[in-house]
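Shown next: work.tsv, containing TSV, C-alpha atoms and all ligand atoms.
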chain	number	residue	atom	x	y	z
Q	1	MET	CA	-285.62	-62.34	1.55
Q	2	THR	CA	-282.73	-63.08	3.92
Q	3	PHE	CA	-281.29	-66.58	4.00
Q	4	MET	CA	-283.04	-67.28	7.32
Q	5	GLU	CA	-286.37	-66.09	5.90
Q	6	LEU	CA	-285.84	-68.36	2.91
Q	7	ALA	CA	-284.87	-71.35	5.06
Q	8	LYS	CA	-287.80	-70.87	7.44
Q	9	SER	CA	-290.46	-70.28	4.81
Q	10	ARG	CA	-289.52	-73.19	2.51
Q	11	TYR	CA	-291.56	-76.30	3.00
Q	12	SER	CA	-292.03	-79.58	1.17
Q	13	VAL	CA	-294.69	-79.03	-1.46
Q	14	ARG	CA	-296.67	-82.25	-1.83
Q	15	GLY	CA	-299.16	-81.28	-4.51
Q	16	PHE	CA	-298.35	-79.36	-7.67
Q	17	SER	CA	-300.57	-77.46	-10.07
Q	18	ASP	CA	-300.22	-77.81	-13.83
Q	19	ALA	CA	-298.59	-74.36	-14.13
Q	20	PRO	CA	-295.23	-74.86	-15.85
Q	21	VAL	CA	-291.94	-73.68	-14.32
Q	22	GLU	CA	-290.38	-70.95	-16.46
Q	23	GLU	CA	-287.20	-71.94	-18.32
Q	24	GLU	CA	-285.16	-69.12	-16.72
Q	25	LYS	CA	-286.18	-70.28	-13.25
Q	26	LEU	CA	-285.21	-73.85	-14.08
Q	27	ALA	CA	-281.87	-72.55	-15.39
Q	28	ALA	CA	-281.22	-70.72	-12.08
Q	29	ILE	CA	-282.10	-73.84	-10.09
Q	30	LEU	CA	-279.72	-76.00	-12.14
Q	31	GLU	CA	-276.99	-73.37	-11.86
Q	32	ALA	CA	-277.31	-73.45	-8.05
Q	33	GLY	CA	-276.67	-77.21	-8.25
Q	34	ARG	CA	-273.79	-76.81	-10.67
Q	35	ILE	CA	-271.86	-74.45	-8.36
Q	36	ALA	CA	-272.44	-76.33	-5.10
Q	37	PRO	CA	-269.38	-77.27	-3.04
Q	38	THR	CA	-268.14	-80.82	-3.50
Q	39	ALA	CA	-265.30	-82.84	-2.00
Q	40	CYS	CA	-262.00	-81.77	-3.61
Q	41	ASN	CA	-264.23	-79.80	-6.03
Q	42	ASN	CA	-264.55	-82.99	-8.09
Q	43	GLN	CA	-268.16	-82.11	-9.01
Q	44	PRO	CA	-269.50	-85.66	-9.39
Q	45	GLN	CA	-273.13	-84.51	-9.59
Q	46	HIS	CA	-275.24	-85.35	-12.58
Q	47	ILE	CA	-278.79	-84.05	-12.82
Q	48	TYR	CA	-281.31	-85.57	-15.20
Q	49	VAL	CA	-284.11	-83.13	-16.01
Q	50	ALA	CA	-287.30	-85.12	-16.58
Q	51	LYS	CA	-289.87	-83.04	-18.44
Q	52	SER	CA	-291.16	-85.19	-21.29
Q	53	ALA	CA	-294.52	-86.89	-20.77
Q	54	ASP	CA	-292.79	-90.24	-21.15
Q	55	ALA	CA	-290.14	-89.52	-18.48
Q	56	ILE	CA	-292.71	-88.13	-16.05
Q	57	ALA	CA	-294.98	-91.15	-16.55
Q	58	LYS	CA	-292.06	-93.49	-15.79
Q	59	LEU	CA	-291.15	-91.58	-12.62
Q	60	ARG	CA	-294.73	-91.69	-11.41
Q	61	THR	CA	-294.53	-95.49	-11.43
Q	62	ILE	CA	-291.08	-95.52	-9.81
Q	63	SER	CA	-292.00	-93.29	-6.85
Q	64	PRO	CA	-295.24	-92.71	-4.93
Q	65	CYS	CA	-294.01	-89.18	-4.17
Q	66	THR	CA	-294.03	-87.23	-7.44
Q	67	TYR	CA	-297.09	-85.22	-6.36
Q	68	ASN	CA	-298.38	-84.48	-9.85
Q	69	SER	CA	-295.21	-82.57	-10.77
Q	70	ASN	CA	-294.45	-82.24	-14.48
Q	71	LEU	CA	-290.80	-81.33	-13.91
Q	72	ILE	CA	-288.69	-83.69	-11.86
Q	73	LEU	CA	-284.95	-83.53	-11.29
Q	74	ILE	CA	-283.18	-86.85	-10.77
Q	75	VAL	CA	-280.19	-86.01	-8.60
Q	76	CYS	CA	-277.27	-88.39	-9.07
Q	77	TYR	CA	-273.54	-88.63	-8.59
Q	78	ASP	CA	-270.93	-90.31	-10.71
Q	79	THR	CA	-268.81	-92.91	-8.90
Q	80	ALA	CA	-266.07	-92.42	-11.49
Q	81	VAL	CA	-265.81	-88.69	-10.66
Q	82	GLN	CA	-266.42	-88.57	-6.89
Q	83	ALA	CA	-263.55	-87.92	-4.47
Q	84	ALA	CA	-263.09	-90.94	-2.18
Q	85	HIS	CA	-266.56	-91.96	-0.98
Q	86	PHE	CA	-268.07	-88.47	-0.88
Q	87	GLY	CA	-270.40	-88.64	-3.88
Q	88	GLU	CA	-273.56	-89.07	-1.86
Q	89	GLN	CA	-272.71	-86.16	0.43
Q	90	ASP	CA	-271.85	-84.01	-2.59
Q	91	ALA	CA	-275.12	-84.85	-4.31
Q	92	SER	CA	-277.03	-84.07	-1.12
Q	93	ILE	CA	-275.52	-80.58	-0.97
Q	94	VAL	CA	-276.32	-80.12	-4.66
Q	95	CYS	CA	-279.93	-81.12	-4.01
Q	96	THR	CA	-280.15	-78.73	-1.06
Q	97	HIS	CA	-278.76	-75.85	-3.13
Q	98	MET	CA	-281.36	-76.51	-5.85
Q	99	MET	CA	-284.22	-76.86	-3.36
Q	100	LEU	CA	-283.37	-73.51	-1.76
Q	101	GLU	CA	-282.78	-71.73	-5.07
Q	102	ALA	CA	-286.12	-73.07	-6.28
Q	103	TRP	CA	-287.83	-71.49	-3.27
Q	104	GLU	CA	-286.06	-68.19	-3.87
Q	105	GLN	CA	-287.50	-68.31	-7.39
Q	106	GLY	CA	-290.97	-68.94	-5.93
Q	107	VAL	CA	-290.88	-72.56	-7.10
Q	108	GLY	CA	-291.86	-75.34	-4.72
Q	109	SER	CA	-290.12	-78.69	-4.41
Q	110	CYS	CA	-289.98	-81.79	-2.28
Q	111	TRP	CA	-286.88	-83.85	-1.63
Q	112	VAL	CA	-287.92	-87.43	-2.39
Q	113	GLY	CA	-285.90	-90.37	-1.21
Q	114	MET	CA	-288.71	-92.85	-1.60
Q	115	PHE	CA	-288.15	-94.33	-5.04
Q	116	ASN	CA	-286.98	-97.60	-6.46
Q	117	ALA	CA	-283.39	-96.87	-7.52
Q	118	GLU	CA	-282.99	-100.15	-9.39
Q	119	GLU	CA	-286.13	-99.53	-11.43
Q	120	LEU	CA	-285.07	-95.97	-12.12
Q	121	VAL	CA	-281.65	-97.00	-13.41
Q	122	LYS	CA	-283.31	-99.56	-15.66
Q	123	ALA	CA	-286.10	-97.27	-16.88
Q	124	PHE	CA	-283.68	-94.55	-18.02
Q	125	ASP	CA	-280.84	-96.89	-18.92
Q	126	LEU	CA	-278.43	-94.98	-16.67
Q	127	PRO	CA	-274.74	-95.91	-16.86
Q	128	GLU	CA	-273.42	-98.22	-14.16
Q	129	ASN	CA	-271.37	-95.42	-12.54
Q	130	ILE	CA	-274.38	-93.10	-12.11
Q	131	ARG	CA	-276.08	-93.38	-8.70
Q	132	PRO	CA	-279.40	-91.63	-8.10
Q	133	ILE	CA	-279.84	-90.30	-4.56
Q	134	ALA	CA	-283.00	-88.18	-4.75
Q	135	LEU	CA	-285.85	-86.98	-6.89
Q	136	LEU	CA	-286.72	-83.31	-6.75
Q	137	PRO	CA	-290.19	-82.69	-8.15
Q	138	LEU	CA	-290.59	-78.98	-8.91
Q	139	GLY	CA	-293.54	-76.72	-9.57
Q	140	TYR	CA	-296.14	-74.42	-8.11
Q	141	ALA	CA	-298.24	-75.57	-5.19
Q	142	ALA	CA	-301.75	-76.65	-6.14
Q	143	GLU	CA	-304.61	-74.77	-4.55
Q	144	GLY	CA	-305.02	-75.61	-0.87
Q	145	VAL	CA	-301.59	-77.22	-0.46
Q	146	GLN	CA	-300.09	-76.36	2.92
Q	147	PRO	CA	-296.94	-77.33	4.81
Q	148	ALA	CA	-297.34	-80.69	6.58
Q	149	PRO	CA	-297.51	-80.54	10.41
Q	150	LEU	CA	-294.01	-82.07	10.49
Q	151	HIS	CA	-292.66	-78.92	8.82
Q	152	THR	CA	-292.54	-77.09	12.16
Q	153	ALA	CA	-292.04	-80.10	14.45
Q	154	TYR	CA	-288.52	-79.13	15.44
Q	155	ARG	CA	-286.71	-80.96	18.22
Q	156	ASP	CA	-285.34	-78.82	21.05
Q	157	TYR	CA	-282.05	-76.98	20.74
Q	158	ALA	CA	-280.42	-79.26	23.33
Q	159	ALA	CA	-281.51	-82.42	21.51
Q	160	THR	CA	-279.55	-81.49	18.40
Q	161	ILE	CA	-276.81	-79.10	19.57
Q	162	THR	CA	-274.17	-79.74	22.22
Q	163	GLU	CA	-271.69	-77.09	23.22
Q	164	LEU	CA	-268.27	-78.51	24.00
N	201	LIG	C1	-283.21	-87.30	2.70
N	201	LIG	C2	-284.66	-86.91	2.62
N	201	LIG	C3	-285.57	-87.79	2.08
N	201	LIG	C4	-286.92	-87.42	1.96
N	201	LIG	N1	-287.80	-88.27	1.35
N	201	LIG	C5	-289.08	-87.89	1.19
N	201	LIG	C6	-289.99	-88.71	0.47
N	201	LIG	O1	-289.65	-89.76	-0.06
N	201	LIG	N2	-291.28	-88.29	0.34
N	201	LIG	C7	-291.71	-87.10	0.87
N	201	LIG	O2	-292.88	-86.76	0.71
N	201	LIG	N3	-290.87	-86.29	1.56
N	201	LIG	C8	-289.57	-86.65	1.71
N	201	LIG	N4	-288.70	-85.82	2.36
N	201	LIG	C9	-289.16	-84.52	2.90
N	201	LIG	C10	-289.19	-84.53	4.44
N	201	LIG	O3	-290.22	-85.39	4.89
N	201	LIG	C11	-289.41	-83.09	4.92
N	201	LIG	O4	-288.33	-82.29	4.50
N	201	LIG	C12	-289.52	-83.02	6.44
N	201	LIG	O5	-290.67	-83.69	6.89
N	201	LIG	C13	-289.60	-81.57	6.92
N	201	LIG	O6	-290.68	-80.89	6.31
N	201	LIG	P1	-290.46	-79.60	5.41
N	201	LIG	O7	-289.57	-79.95	4.25
N	201	LIG	O8	-291.83	-79.20	4.97
N	201	LIG	O9	-289.81	-78.56	6.28
N	201	LIG	C14	-287.36	-86.15	2.45
N	201	LIG	C15	-286.42	-85.25	2.98
N	201	LIG	C16	-285.09	-85.62	3.03
N	201	LIG	C17	-284.09	-84.59	3.56

Just dump the structure as structure tokens.
Amino acid sequence: MTFMELAKSRYSVRGFSDAPVEEEKLAAILEAGRIAPTACNNQPQHIYVAKSADAIAKLRTISPCTYNSNLILIVCYDTAVQAAHFGEQDASIVCTHMMLEAWEQGVGSCWVGMFNAEELVKAFDLPENIRPIALLPLGYAAEGVQPAPLHTAYRDYAATITEL
């Protein structure tokens, strides 16, 4: 699969089966996040891998968008490690790397910004310097799950690209 094939075929999976993600695939996904570019190469990302029944149950109350996943990455950055104010941008690139690597491994995901960050910090007793920016539920699409219509609702070239 070329990069463009990967980028075009990936879609937000919003319904996961119970089939577990293999450990080696999870390791590859996490590695893609570990090696992502970050400002000044400070690497402020911190990924919490939620896989216990207890952690998953908590996340299901904290976000309406966990889609029955049993493996959810909590993508964060560390304010004590970030360069200047770039932690959020760094963590976003990390999340993108993991989302695309997941798809290369045949694993679906959905970037989830809709969660209660305050509740999450409290529920997992995260240190004050750790800021969650996204959840990334992972897994295999449940039967019948299809890309949402928005997946291919691209704005025109001219609306998003200006040649100077
Ligand atoms: C920053 C960000 C936040 C998002 N938050 C959510 C979310 O909370 N829930 C959800 O179902 N999808 C969420 N998405 C997924 C987008 O809705 C989705 O990527 C977009 O509609 C394009 O569809 P596609 O991923 O299938 O190509 C988010 C995506 C991004 C990049």

What residues of the protein or nucleic acid chains come within 10 Å of ligand LIG 201 (chain N) when you use all atoms listed in the file? Reply as a ChimeraX atom specification. /Q:7-15,63-67,92,95-96,99,109-115,133-136,146-154

Go through segment 76-155 of chain Q residue by residue and, counting all atoms listed in the file, keep those with an atom at most 7 Å from segment 39-55 of chain Q; for each kept residue give the shortest atom pair and its distance in Å to one decimal, ordered by chain and increasing number, as CSV.
residue,atom,partner,partner_atom,distance
Q:Cys76,CA,Q:His46,CA,5.1
Q:Tyr77,CA,Q:Gln45,CA,4.3
Q:Asp78,CA,Q:Pro44,CA,5.0
Q:Val81,CA,Q:Pro44,CA,4.9
Q:Gln82,CA,Q:Pro44,CA,4.9
Q:Ala83,CA,Q:Ala39,CA,5.9
Q:Phe86,CA,Q:Ala39,CA,6.4
Q:Gly87,CA,Q:Pro44,CA,6.3
Q:Asp90,CA,Q:Ala39,CA,6.7
Q:Ala91,CA,Q:Gln45,CA,5.7

Report, as lines of an AutoDock Vina configuration file, the centre and edge lengths in Å (one decimal) of the axis-aligned box enclosing every listed atom of segment 154-163 of chain Q, padded by 8 Å on each side.
center_x = -280.1
center_y = -79.7
center_z = 19.4
size_x = 32.8
size_y = 21.4
size_z = 23.9

At what distance in Å, to one decimal, does atom CA of Leu138 of chain Q lie from atom CA of Glu88 of chain Q?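 Atom CA of Glu88 of chain Q sits 21.0 Å away from atom CA of Leu138 of chain Q.
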
In Å, with one decimal, what is the gap from atom CA of Ala27 of chain Q to atom CA of Ile56 of chain Q?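 For atom CA of Ala27 of chain Q relative to atom CA of Ile56 of chain Q, the distance reads 19.0 Å.
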
List the neighbours of Thr61 of chain Q out to 10 Å using only C-alpha atoms; skip same-chain residues closer than 6 positions along the sequence, and give me the result as a ChimeraX atom specification. /Q:115-116,119-120

Could you work out how far atom CA of Ala141 of chain Q lies from atom CA of Ala28 of chain Q, giving the answer in Å with one decimal?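 Atom CA of Ala141 of chain Q lies at a distance of 19.0 Å from atom CA of Ala28 of chain Q.
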
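With distances restricted to only C-alpha atoms, Q:Ile62 is the closest residue to Glu118 of chain Q from Q:Ile62, Q:Asp18, Q:Glu104, Q:Glu23.
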
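In terms of minimum interatomic distance to Thr2 of chain Q, Q:Leu100 ranks closest within Q:Ile161, Q:Gly139, Q:Glu128, Q:Leu100, counting only C-alpha atoms.
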
Counting only C-alpha atoms, figure out which residue out of Q:Ala36, Q:Val75, Q:Leu26, Q:Leu6 gets nearest to Pro132 of chain Q.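 Closest to Pro132 of chain Q, using only C-alpha atoms: Q:Val75.
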
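The shortest atom-to-atom distance to Val121 of chain Q, with only C-alpha atoms taken into account, belongs to Q:Lys58 out of Q:Arg34, Q:His97, Q:Lys58, Q:Lys25.
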